[in-house]
Amino acid sequence: MSNTVWINALAELQQQGEPCVLVTIIEERGSTPRNAGSKMVVSRERLYDTIGGGHLEYKAQKIAREMLENRVRETRLERFSLGASLGQCCGGATVLLFEPMGQPQAHIAVFGAGHVGRALVPLLASLPCKVRWIDSRESEFPAQIPAGVEKVVNDDVVDEVENMPAGSYFIVMTHNHQLDLELTAAILSRGDFTYYGLIGSKSKRAKFEHRLRDRGFQAETVQRMRCPMGIGEVKGKLPVEIAVSIAGEVIATYNAHFGERGGEKSVDGEKPVPMLVPAARRSQTG
């Protein structure tokens, strides 16, 4: 097999947003089936390339899949004696490095390219997430779109709601209250979102709750809508102040779904989203 197999696999899996583990032989002693530097990529479904086959590869595959199942983020070293316990008669020893790669990124849809949207999106773009920035008005977007942000111009922005994967975060801040309402109805109808925030006041929320009830939405469904959104303690009416408040709430919501050891918890049965603030940085703020 070509030694580019694992490189191509990593690139392909990263593009698909599928996590995997890169397994590398970093030390060899005595007779071993493959040399140091040999690599193998393990995804949930497939193996790419080889570290020599046999029980060693089977054990490595099992460890890697356990890491994927538990969403381990730390690298791991394991030493294997290639003797009877592994059913291999080489008699050597091998040290393997397991590196988690390509953790899935969370998806955030921001509807509206107005003043607050233009202040918020660069903040979100600096976090480990995929942002789709959606508006019907091409002219509202800035000339430079932050790296990692997909600009979407669509005359019917409501159609974009169904294009987001399960577990997504939705933030609505358009120029039109009726459009906000239609987006709200589409998002609440999905029901598989992790977070839905709507910009506006308490009076706007009351009006929307009334209209949504008239459309047949249950009270518990409407309660999942964050409006006003953002951290209440962050005061101010400047776009950047509002944006910081909203970004803070998004980060807090993400991190609320994580256990103490950094493993994600699923949200409403959906795929979990990755933590935005690593544990090491969180401990510094404590």
# chains A, B, ... in the order shown; residues from 1 in each chain; ligands from 1
$ select_by_dssp --residues "region 74-251 of chain A" --states "helix (DSSP H, G or I)" --output "PDB file with N, CA and C atoms, in the first residue's frame"
ATOM      1  N   ALA A  84       3.303 -14.306  22.625  1.00  0.00           N
ATOM      2  CA  ALA A  84       2.156 -15.215  22.553  1.00  0.00           C
ATOM      3  C   ALA A  84       0.842 -14.525  22.843  1.00  0.00           C
ATOM      4  N   SER A  85       0.876 -13.507  23.740  1.00  0.00           N
ATOM      5  CA  SER A  85      -0.390 -12.858  24.124  1.00  0.00           C
ATOM      6  C   SER A  85      -1.052 -12.182  22.931  1.00  0.00           C
ATOM      7  N   LEU A  86      -0.252 -11.751  21.953  1.00  0.00           N
ATOM      8  CA  LEU A  86      -0.816 -11.150  20.745  1.00  0.00           C
ATOM      9  C   LEU A  86      -0.848 -12.132  19.579  1.00  0.00           C
ATOM     10  N   HIS A 115     -26.075  45.012  11.722  1.00  0.00           N
ATOM     11  CA  HIS A 115     -24.996  45.497  12.587  1.00  0.00           C
ATOM     12  C   HIS A 115     -24.575  44.452  13.622  1.00  0.00           C
ATOM     13  N   VAL A 116     -25.548  43.820  14.290  1.00  0.00           N
ATOM     14  CA  VAL A 116     -25.199  42.845  15.328  1.00  0.00           C
ATOM     15  C   VAL A 116     -24.607  41.590  14.693  1.00  0.00           C
ATOM     16  N   GLY A 117     -25.163  41.157  13.573  1.00  0.00           N
ATOM     17  CA  GLY A 117     -24.619  39.997  12.877  1.00  0.00           C
ATOM     18  C   GLY A 117     -23.168  40.220  12.467  1.00  0.00           C
ATOM     19  N   ARG A 118     -22.868  41.429  11.987  1.00  0.00           N
ATOM     20  CA  ARG A 118     -21.498  41.731  11.557  1.00  0.00           C
ATOM     21  C   ARG A 118     -20.535  41.786  12.746  1.00  0.00           C
ATOM     22  N   ALA A 119     -21.058  42.081  13.937  1.00  0.00           N
ATOM     23  CA  ALA A 119     -20.219  42.058  15.142  1.00  0.00           C
ATOM     24  C   ALA A 119     -20.098  40.646  15.716  1.00  0.00           C
ATOM     25  N   LEU A 120     -21.152  39.842  15.566  1.00  0.00           N
ATOM     26  CA  LEU A 120     -21.185  38.510  16.176  1.00  0.00           C
ATOM     27  C   LEU A 120     -20.392  37.467  15.392  1.00  0.00           C
ATOM     28  N   VAL A 121     -20.539  37.450  14.084  1.00  0.00           N
ATOM     29  CA  VAL A 121     -19.952  36.376  13.277  1.00  0.00           C
ATOM     30  C   VAL A 121     -18.435  36.264  13.441  1.00  0.00           C
ATOM     31  N   PRO A 122     -17.669  37.382  13.462  1.00  0.00           N
ATOM     32  CA  PRO A 122     -16.234  37.225  13.698  1.00  0.00           C
ATOM     33  C   PRO A 122     -15.901  36.588  15.047  1.00  0.00           C
ATOM     34  N   LEU A 123     -16.723  36.824  16.059  1.00  0.00           N
ATOM     35  CA  LEU A 123     -16.505  36.184  17.361  1.00  0.00           C
ATOM     36  C   LEU A 123     -16.726  34.676  17.246  1.00  0.00           C
ATOM     37  N   LEU A 124     -17.808  34.285  16.609  1.00  0.00           N
ATOM     38  CA  LEU A 124     -18.102  32.860  16.448  1.00  0.00           C
ATOM     39  C   LEU A 124     -17.049  32.188  15.580  1.00  0.00           C
ATOM     40  N   ALA A 125     -16.545  32.927  14.581  1.00  0.00           N
ATOM     41  CA  ALA A 125     -15.555  32.348  13.667  1.00  0.00           C
ATOM     42  C   ALA A 125     -14.244  32.025  14.364  1.00  0.00           C
ATOM     43  N   GLU A 138     -27.328  40.555  -0.453  1.00  0.00           N
ATOM     44  CA  GLU A 138     -25.888  40.478  -0.704  1.00  0.00           C
ATOM     45  C   GLU A 138     -25.159  41.726  -0.207  1.00  0.00           C
ATOM     46  N   SER A 139     -25.790  42.878  -0.355  1.00  0.00           N
ATOM     47  CA  SER A 139     -25.143  44.156  -0.027  1.00  0.00           C
ATOM     48  C   SER A 139     -24.882  44.326   1.467  1.00  0.00           C
ATOM     49  N   GLU A 140     -25.546  43.539   2.315  1.00  0.00           N
ATOM     50  CA  GLU A 140     -25.374  43.683   3.762  1.00  0.00           C
ATOM     51  C   GLU A 140     -24.097  43.029   4.269  1.00  0.00           C
ATOM     52  N   VAL A 157     -34.667  32.823   2.832  1.00  0.00           N
ATOM     53  CA  VAL A 157     -33.734  32.321   3.848  1.00  0.00           C
ATOM     54  C   VAL A 157     -34.350  31.205   4.687  1.00  0.00           C
ATOM     55  N   VAL A 158     -35.673  31.134   4.770  1.00  0.00           N
ATOM     56  CA  VAL A 158     -36.315  30.085   5.576  1.00  0.00           C
ATOM     57  C   VAL A 158     -35.950  28.702   5.046  1.00  0.00           C
ATOM     58  N   ASP A 159     -35.714  28.609   3.742  1.00  0.00           N
ATOM     59  CA  ASP A 159     -35.324  27.323   3.158  1.00  0.00           C
ATOM     60  C   ASP A 159     -34.023  26.795   3.747  1.00  0.00           C
ATOM     61  N   GLU A 160     -33.185  27.705   4.271  1.00  0.00           N
ATOM     62  CA  GLU A 160     -31.888  27.301   4.794  1.00  0.00           C
ATOM     63  C   GLU A 160     -31.985  26.579   6.136  1.00  0.00           C
ATOM     64  N   VAL A 161     -33.114  26.688   6.815  1.00  0.00           N
ATOM     65  CA  VAL A 161     -33.261  26.027   8.121  1.00  0.00           C
ATOM     66  C   VAL A 161     -33.086  24.517   7.983  1.00  0.00           C
ATOM     67  N   GLU A 162     -33.673  23.945   6.962  1.00  0.00           N
ATOM     68  CA  GLU A 162     -33.609  22.489   6.804  1.00  0.00           C
ATOM     69  C   GLU A 162     -32.247  22.015   6.303  1.00  0.00           C
ATOM     70  N   ASN A 163     -31.395  22.941   5.900  1.00  0.00           N
ATOM     71  CA  ASN A 163     -30.065  22.556   5.416  1.00  0.00           C
ATOM     72  C   ASN A 163     -29.036  22.405   6.529  1.00  0.00           C
ATOM     73  N   HIS A 177     -39.501  41.543  11.262  1.00  0.00           N
ATOM     74  CA  HIS A 177     -40.148  40.761  12.321  1.00  0.00           C
ATOM     75  C   HIS A 177     -40.926  39.576  11.752  1.00  0.00           C
ATOM     76  N   GLN A 178     -41.587  39.756  10.618  1.00  0.00           N
ATOM     77  CA  GLN A 178     -42.347  38.651  10.031  1.00  0.00           C
ATOM     78  C   GLN A 178     -41.418  37.534   9.592  1.00  0.00           C
ATOM     79  N   LEU A 179     -40.259  37.917   9.043  1.00  0.00           N
ATOM     80  CA  LEU A 179     -39.272  36.909   8.657  1.00  0.00           C
ATOM     81  C   LEU A 179     -38.728  36.198   9.895  1.00  0.00           C
ATOM     82  N   ASP A 180     -38.494  36.958  10.965  1.00  0.00           N
ATOM     83  CA  ASP A 180     -38.071  36.340  12.228  1.00  0.00           C
ATOM     84  C   ASP A 180     -39.083  35.293  12.684  1.00  0.00           C
ATOM     85  N   LEU A 181     -40.368  35.625  12.530  1.00  0.00           N
ATOM     86  CA  LEU A 181     -41.429  34.705  12.963  1.00  0.00           C
ATOM     87  C   LEU A 181     -41.430  33.438  12.110  1.00  0.00           C
ATOM     88  N   GLU A 182     -41.286  33.603  10.793  1.00  0.00           N
ATOM     89  CA  GLU A 182     -41.279  32.433   9.908  1.00  0.00           C
ATOM     90  C   GLU A 182     -40.070  31.543  10.190  1.00  0.00           C
ATOM     91  N   LEU A 183     -38.921  32.163  10.430  1.00  0.00           N
ATOM     92  CA  LEU A 183     -37.729  31.391  10.793  1.00  0.00           C
ATOM     93  C   LEU A 183     -37.931  30.667  12.116  1.00  0.00           C
ATOM     94  N   THR A 184     -38.523  31.367  13.084  1.00  0.00           N
ATOM     95  CA  THR A 184     -38.782  30.762  14.394  1.00  0.00           C
ATOM     96  C   THR A 184     -39.657  29.528  14.254  1.00  0.00           C
ATOM     97  N   ALA A 185     -40.728  29.652  13.470  1.00  0.00           N
ATOM     98  CA  ALA A 185     -41.650  28.528  13.276  1.00  0.00           C
ATOM     99  C   ALA A 185     -40.931  27.347  12.627  1.00  0.00           C
ATOM    100  N   ALA A 186     -40.087  27.633  11.635  1.00  0.00           N
ATOM    101  CA  ALA A 186     -39.370  26.551  10.944  1.00  0.00           C
ATOM    102  C   ALA A 186     -38.385  25.865  11.881  1.00  0.00           C
ATOM    103  N   ILE A 187     -37.697  26.646  12.706  1.00  0.00           N
ATOM    104  CA  ILE A 187     -36.694  26.080  13.616  1.00  0.00           C
ATOM    105  C   ILE A 187     -37.370  25.273  14.721  1.00  0.00           C
ATOM    106  N   LEU A 188     -38.414  25.831  15.320  1.00  0.00           N
ATOM    107  CA  LEU A 188     -39.126  25.105  16.387  1.00  0.00           C
ATOM    108  C   LEU A 188     -39.795  23.854  15.844  1.00  0.00           C
ATOM    109  N   SER A 189     -40.221  23.884  14.583  1.00  0.00           N
ATOM    110  CA  SER A 189     -40.844  22.696  13.982  1.00  0.00           C
ATOM    111  C   SER A 189     -39.847  21.552  13.867  1.00  0.00           C
ATOM    112  N   ARG A 190     -38.568  21.896  13.615  1.00  0.00           N
ATOM    113  CA  ARG A 190     -37.540  20.851  13.538  1.00  0.00           C
ATOM    114  C   ARG A 190     -37.397  20.154  14.878  1.00  0.00           C
ATOM    115  N   LYS A 202     -38.475  41.601  25.572  1.00  0.00           N
ATOM    116  CA  LYS A 202     -39.501  40.759  26.215  1.00  0.00           C
ATOM    117  C   LYS A 202     -40.854  40.952  25.548  1.00  0.00           C
ATOM    118  N   SER A 203     -41.140  42.166  25.080  1.00  0.00           N
ATOM    119  CA  SER A 203     -42.429  42.403  24.414  1.00  0.00           C
ATOM    120  C   SER A 203     -42.477  41.673  23.072  1.00  0.00           C
ATOM    121  N   LYS A 204     -41.338  41.615  22.370  1.00  0.00           N
ATOM    122  CA  LYS A 204     -41.286  40.855  21.117  1.00  0.00           C
ATOM    123  C   LYS A 204     -41.522  39.383  21.404  1.00  0.00           C
ATOM    124  N   ARG A 205     -40.941  38.887  22.472  1.00  0.00           N
ATOM    125  CA  ARG A 205     -41.143  37.484  22.835  1.00  0.00           C
ATOM    126  C   ARG A 205     -42.616  37.208  23.105  1.00  0.00           C
ATOM    127  N   ALA A 206     -43.272  38.100  23.850  1.00  0.00           N
ATOM    128  CA  ALA A 206     -44.688  37.908  24.180  1.00  0.00           C
ATOM    129  C   ALA A 206     -45.538  37.849  22.912  1.00  0.00           C
ATOM    130  N   LYS A 207     -45.248  38.725  21.957  1.00  0.00           N
ATOM    131  CA  LYS A 207     -46.000  38.730  20.695  1.00  0.00           C
ATOM    132  C   LYS A 207     -45.770  37.431  19.928  1.00  0.00           C
ATOM    133  N   PHE A 208     -44.514  36.993  19.897  1.00  0.00           N
ATOM    134  CA  PHE A 208     -44.189  35.769  19.178  1.00  0.00           C
ATOM    135  C   PHE A 208     -44.832  34.550  19.849  1.00  0.00           C
ATOM    136  N   GLU A 209     -44.812  34.512  21.179  1.00  0.00           N
ATOM    137  CA  GLU A 209     -45.428  33.385  21.882  1.00  0.00           C
ATOM    138  C   GLU A 209     -46.900  33.280  21.521  1.00  0.00           C
ATOM    139  N   HIS A 210     -47.590  34.439  21.469  1.00  0.00           N
ATOM    140  CA  HIS A 210     -49.017  34.458  21.134  1.00  0.00           C
ATOM    141  C   HIS A 210     -49.250  33.932  19.715  1.00  0.00           C
ATOM    142  N   ARG A 211     -48.431  34.426  18.771  1.00  0.00           N
ATOM    143  CA  ARG A 211     -48.605  34.010  17.379  1.00  0.00           C
ATOM    144  C   ARG A 211     -48.246  32.541  17.181  1.00  0.00           C
ATOM    145  N   LEU A 212     -47.242  32.073  17.890  1.00  0.00           N
ATOM    146  CA  LEU A 212     -46.858  30.672  17.772  1.00  0.00           C
ATOM    147  C   LEU A 212     -47.917  29.747  18.363  1.00  0.00           C
ATOM    148  N   ARG A 213     -48.526  30.181  19.457  1.00  0.00           N
ATOM    149  CA  ARG A 213     -49.633  29.390  20.029  1.00  0.00           C
ATOM    150  C   ARG A 213     -50.789  29.296  19.035  1.00  0.00           C
ATOM    151  N   ASP A 214     -51.050  30.409  18.351  1.00  0.00           N
ATOM    152  CA  ASP A 214     -52.113  30.401  17.341  1.00  0.00           C
ATOM    153  C   ASP A 214     -51.805  29.432  16.205  1.00  0.00           C
ATOM    154  N   ALA A 219     -46.536  24.945  24.422  1.00  0.00           N
ATOM    155  CA  ALA A 219     -45.818  25.891  25.282  1.00  0.00           C
ATOM    156  C   ALA A 219     -44.402  25.425  25.559  1.00  0.00           C
ATOM    157  N   GLU A 220     -44.213  24.111  25.782  1.00  0.00           N
ATOM    158  CA  GLU A 220     -42.871  23.622  26.108  1.00  0.00           C
ATOM    159  C   GLU A 220     -41.914  23.768  24.919  1.00  0.00           C
ATOM    160  N   THR A 221     -42.451  23.702  23.704  1.00  0.00           N
ATOM    161  CA  THR A 221     -41.627  23.914  22.514  1.00  0.00           C
ATOM    162  C   THR A 221     -41.195  25.367  22.419  1.00  0.00           C
ATOM    163  N   VAL A 222     -42.136  26.265  22.636  1.00  0.00           N
ATOM    164  CA  VAL A 222     -41.841  27.701  22.560  1.00  0.00           C
ATOM    165  C   VAL A 222     -40.851  28.103  23.645  1.00  0.00           C
ATOM    166  N   PRO A 239     -23.676  47.215  19.113  1.00  0.00           N
ATOM    167  CA  PRO A 239     -23.648  45.904  18.451  1.00  0.00           C
ATOM    168  C   PRO A 239     -22.607  44.960  19.027  1.00  0.00           C
ATOM    169  N   VAL A 240     -21.400  45.461  19.319  1.00  0.00           N
ATOM    170  CA  VAL A 240     -20.356  44.579  19.844  1.00  0.00           C
ATOM    171  C   VAL A 240     -20.703  44.091  21.246  1.00  0.00           C
ATOM    172  N   GLU A 241     -21.358  44.924  22.046  1.00  0.00           N
ATOM    173  CA  GLU A 241     -21.760  44.504  23.394  1.00  0.00           C
ATOM    174  C   GLU A 241     -22.818  43.408  23.322  1.00  0.00           C
ATOM    175  N   ILE A 242     -23.776  43.578  22.419  1.00  0.00           N
ATOM    176  CA  ILE A 242     -24.814  42.561  22.237  1.00  0.00           C
ATOM    177  C   ILE A 242     -24.185  41.268  21.708  1.00  0.00           C
ATOM    178  N   ALA A 243     -23.242  41.414  20.770  1.00  0.00           N
ATOM    179  CA  ALA A 243     -22.590  40.246  20.179  1.00  0.00           C
ATOM    180  C   ALA A 243     -21.812  39.456  21.220  1.00  0.00           C
ATOM    181  N   VAL A 244     -21.082  40.151  22.085  1.00  0.00           N
ATOM    182  CA  VAL A 244     -20.319  39.478  23.146  1.00  0.00           C
ATOM    183  C   VAL A 244     -21.266  38.735  24.082  1.00  0.00           C
ATOM    184  N   SER A 245     -22.398  39.345  24.398  1.00  0.00           N
ATOM    185  CA  SER A 245     -23.390  38.717  25.265  1.00  0.00           C
ATOM    186  C   SER A 245     -23.922  37.424  24.649  1.00  0.00           C
ATOM    187  N   ILE A 246     -24.228  37.472  23.343  1.00  0.00           N
ATOM    188  CA  ILE A 246     -24.756  36.292  22.654  1.00  0.00           C
ATOM    189  C   ILE A 246     -23.682  35.205  22.550  1.00  0.00           C
ATOM    190  N   ALA A 247     -22.466  35.597  22.158  1.00  0.00           N
ATOM    191  CA  ALA A 247     -21.381  34.620  22.043  1.00  0.00           C
ATOM    192  C   ALA A 247     -21.110  33.946  23.378  1.00  0.00           C
ATOM    193  N   GLY A 248     -21.175  34.728  24.458  1.00  0.00           N
ATOM    194  CA  GLY A 248     -20.974  34.157  25.790  1.00  0.00           C
ATOM    195  C   GLY A 248     -22.015  33.116  26.124  1.00  0.00           C
ATOM    196  N   GLU A 249     -23.269  33.387  25.749  1.00  0.00           N
ATOM    197  CA  GLU A 249     -24.332  32.413  26.022  1.00  0.00           C
ATOM    198  C   GLU A 249     -24.145  31.148  25.183  1.00  0.00           C
ATOM    199  N   VAL A 250     -23.706  31.305  23.948  1.00  0.00           N
ATOM    200  CA  VAL A 250     -23.450  30.147  23.093  1.00  0.00           C
ATOM    201  C   VAL A 250     -22.367  29.267  23.710  1.00  0.00           C
ATOM    202  N   ILE A 251     -21.268  29.888  24.149  1.00  0.00           N
ATOM    203  CA  ILE A 251     -20.179  29.124  24.769  1.00  0.00           C
ATOM    204  C   ILE A 251     -20.671  28.429  26.036  1.00  0.00           C
TER     205      ILE A 251
END
$ residues_around --residues "region 49-52 of chain A" --least-positions-apart "2" --cutoff "10 Å" --atoms "only C-alpha atoms" --output "JSON, numbers by chain"
{"A": [1, 2, 3, 4, 5, 6, 7, 9, 23, 24, 25, 32, 33, 34, 35, 36, 37, 38, 39, 40, 41, 42, 47, 54, 55, 56, 57, 58, 60, 96]}
$ atom_distance --atom1 "CA of Tyr169 (chain A)" --atom2 "CA of Cys227 (chain A)"
14.2 Å
$ atom_distance --atom1 "CA of Tyr48 (chain A)" --atom2 "CA of Leu10 (chain A)"
9.1 Å
$ atom_distance --atom1 "CA of Gly197 (chain A)" --atom2 "CA of Ile171 (chain A)"
4.8 Å
$ select_by_dssp --residues "region 125-164 of chain A" --states "strand (DSSP E or B)" --output "list of chain:residue names"
A:Cys129, A:Lys130, A:Val131, A:Arg132, A:Trp133, A:Ile134, A:Asp135, A:Val149, A:Glu150, A:Lys151, A:Val152, A:Val153
$ residues_around --residues "Ser43 (chain A)" --least-positions-apart "6" --cutoff "8 Å" --atoms "only C-alpha atoms" --output "ChimeraX atom specification"
/A:18-21,65,68
$ residues_around --residues "Glu150 (chain A)" --least-positions-apart "6" --cutoff "10 Å" --atoms "only C-alpha atoms" --output "VMD selection string"
chain A and resid 109 130 to 134
$ write_last_selection --atoms "all heavy atoms" --output "PDB file, in the first residue's frame"
ATOM      1  N   ALA A 109     -25.934  28.459  12.589  1.00  0.00           N
ATOM      2  CA  ALA A 109     -26.537  29.256  11.525  1.00  0.00           C
ATOM      3  C   ALA A 109     -26.881  30.626  12.096  1.00  0.00           C
ATOM      4  O   ALA A 109     -27.588  30.720  13.102  1.00  0.00           O
ATOM      5  CB  ALA A 109     -27.795  28.578  10.989  1.00  0.00           C
ATOM      6  N   LYS A 130     -18.437  25.560  12.796  1.00  0.00           N
ATOM      7  CA  LYS A 130     -18.704  25.920  11.410  1.00  0.00           C
ATOM      8  C   LYS A 130     -19.889  26.882  11.393  1.00  0.00           C
ATOM      9  O   LYS A 130     -20.961  26.561  11.902  1.00  0.00           O
ATOM     10  CB  LYS A 130     -19.012  24.674  10.578  1.00  0.00           C
ATOM     11  CG  LYS A 130     -17.806  23.780  10.353  1.00  0.00           C
ATOM     12  CD  LYS A 130     -18.141  22.638   9.419  1.00  0.00           C
ATOM     13  CE  LYS A 130     -16.909  21.780   9.149  1.00  0.00           C
ATOM     14  NZ  LYS A 130     -17.220  20.648   8.260  1.00  0.00           N
ATOM     15  N   VAL A 131     -19.684  28.037  10.805  1.00  0.00           N
ATOM     16  CA  VAL A 131     -20.715  29.074  10.791  1.00  0.00           C
ATOM     17  C   VAL A 131     -21.248  29.254   9.377  1.00  0.00           C
ATOM     18  O   VAL A 131     -20.462  29.415   8.425  1.00  0.00           O
ATOM     19  CB  VAL A 131     -20.160  30.423  11.314  1.00  0.00           C
ATOM     20  CG1 VAL A 131     -21.255  31.495  11.289  1.00  0.00           C
ATOM     21  CG2 VAL A 131     -19.596  30.263  12.717  1.00  0.00           C
ATOM     22  N   ARG A 132     -22.559  29.217   9.235  1.00  0.00           N
ATOM     23  CA  ARG A 132     -23.217  29.595   7.979  1.00  0.00           C
ATOM     24  C   ARG A 132     -23.936  30.920   8.240  1.00  0.00           C
ATOM     25  O   ARG A 132     -24.792  31.006   9.113  1.00  0.00           O
ATOM     26  CB  ARG A 132     -24.208  28.528   7.512  1.00  0.00           C
ATOM     27  CG  ARG A 132     -23.569  27.181   7.250  1.00  0.00           C
ATOM     28  CD  ARG A 132     -24.564  26.197   6.638  1.00  0.00           C
ATOM     29  NE  ARG A 132     -24.691  26.399   5.210  1.00  0.00           N
ATOM     30  CZ  ARG A 132     -25.841  26.547   4.566  1.00  0.00           C
ATOM     31  NH1 ARG A 132     -26.980  26.555   5.238  1.00  0.00           N
ATOM     32  NH2 ARG A 132     -25.876  26.709   3.260  1.00  0.00           N
ATOM     33  N   TRP A 133     -23.560  31.945   7.492  1.00  0.00           N
ATOM     34  CA  TRP A 133     -24.091  33.300   7.680  1.00  0.00           C
ATOM     35  C   TRP A 133     -25.060  33.566   6.537  1.00  0.00           C
ATOM     36  O   TRP A 133     -24.657  33.612   5.377  1.00  0.00           O
ATOM     37  CB  TRP A 133     -22.938  34.278   7.686  1.00  0.00           C
ATOM     38  CG  TRP A 133     -23.255  35.654   8.192  1.00  0.00           C
ATOM     39  CD1 TRP A 133     -24.419  36.083   8.748  1.00  0.00           C
ATOM     40  CD2 TRP A 133     -22.360  36.767   8.213  1.00  0.00           C
ATOM     41  NE1 TRP A 133     -24.317  37.400   9.114  1.00  0.00           N
ATOM     42  CE2 TRP A 133     -23.065  37.841   8.794  1.00  0.00           C
ATOM     43  CE3 TRP A 133     -21.044  36.956   7.789  1.00  0.00           C
ATOM     44  CZ2 TRP A 133     -22.488  39.103   8.957  1.00  0.00           C
ATOM     45  CZ3 TRP A 133     -20.467  38.197   7.959  1.00  0.00           C
ATOM     46  CH2 TRP A 133     -21.179  39.259   8.535  1.00  0.00           C
ATOM     47  N   ILE A 134     -26.319  33.757   6.874  1.00  0.00           N
ATOM     48  CA  ILE A 134     -27.385  33.709   5.875  1.00  0.00           C
ATOM     49  C   ILE A 134     -28.161  35.014   5.846  1.00  0.00           C
ATOM     50  O   ILE A 134     -28.585  35.541   6.891  1.00  0.00           O
ATOM     51  CB  ILE A 134     -28.345  32.536   6.197  1.00  0.00           C
ATOM     52  CG1 ILE A 134     -27.560  31.219   6.276  1.00  0.00           C
ATOM     53  CG2 ILE A 134     -29.453  32.443   5.161  1.00  0.00           C
ATOM     54  CD1 ILE A 134     -28.236  30.135   7.099  1.00  0.00           C
TER      55      ILE A 134
END
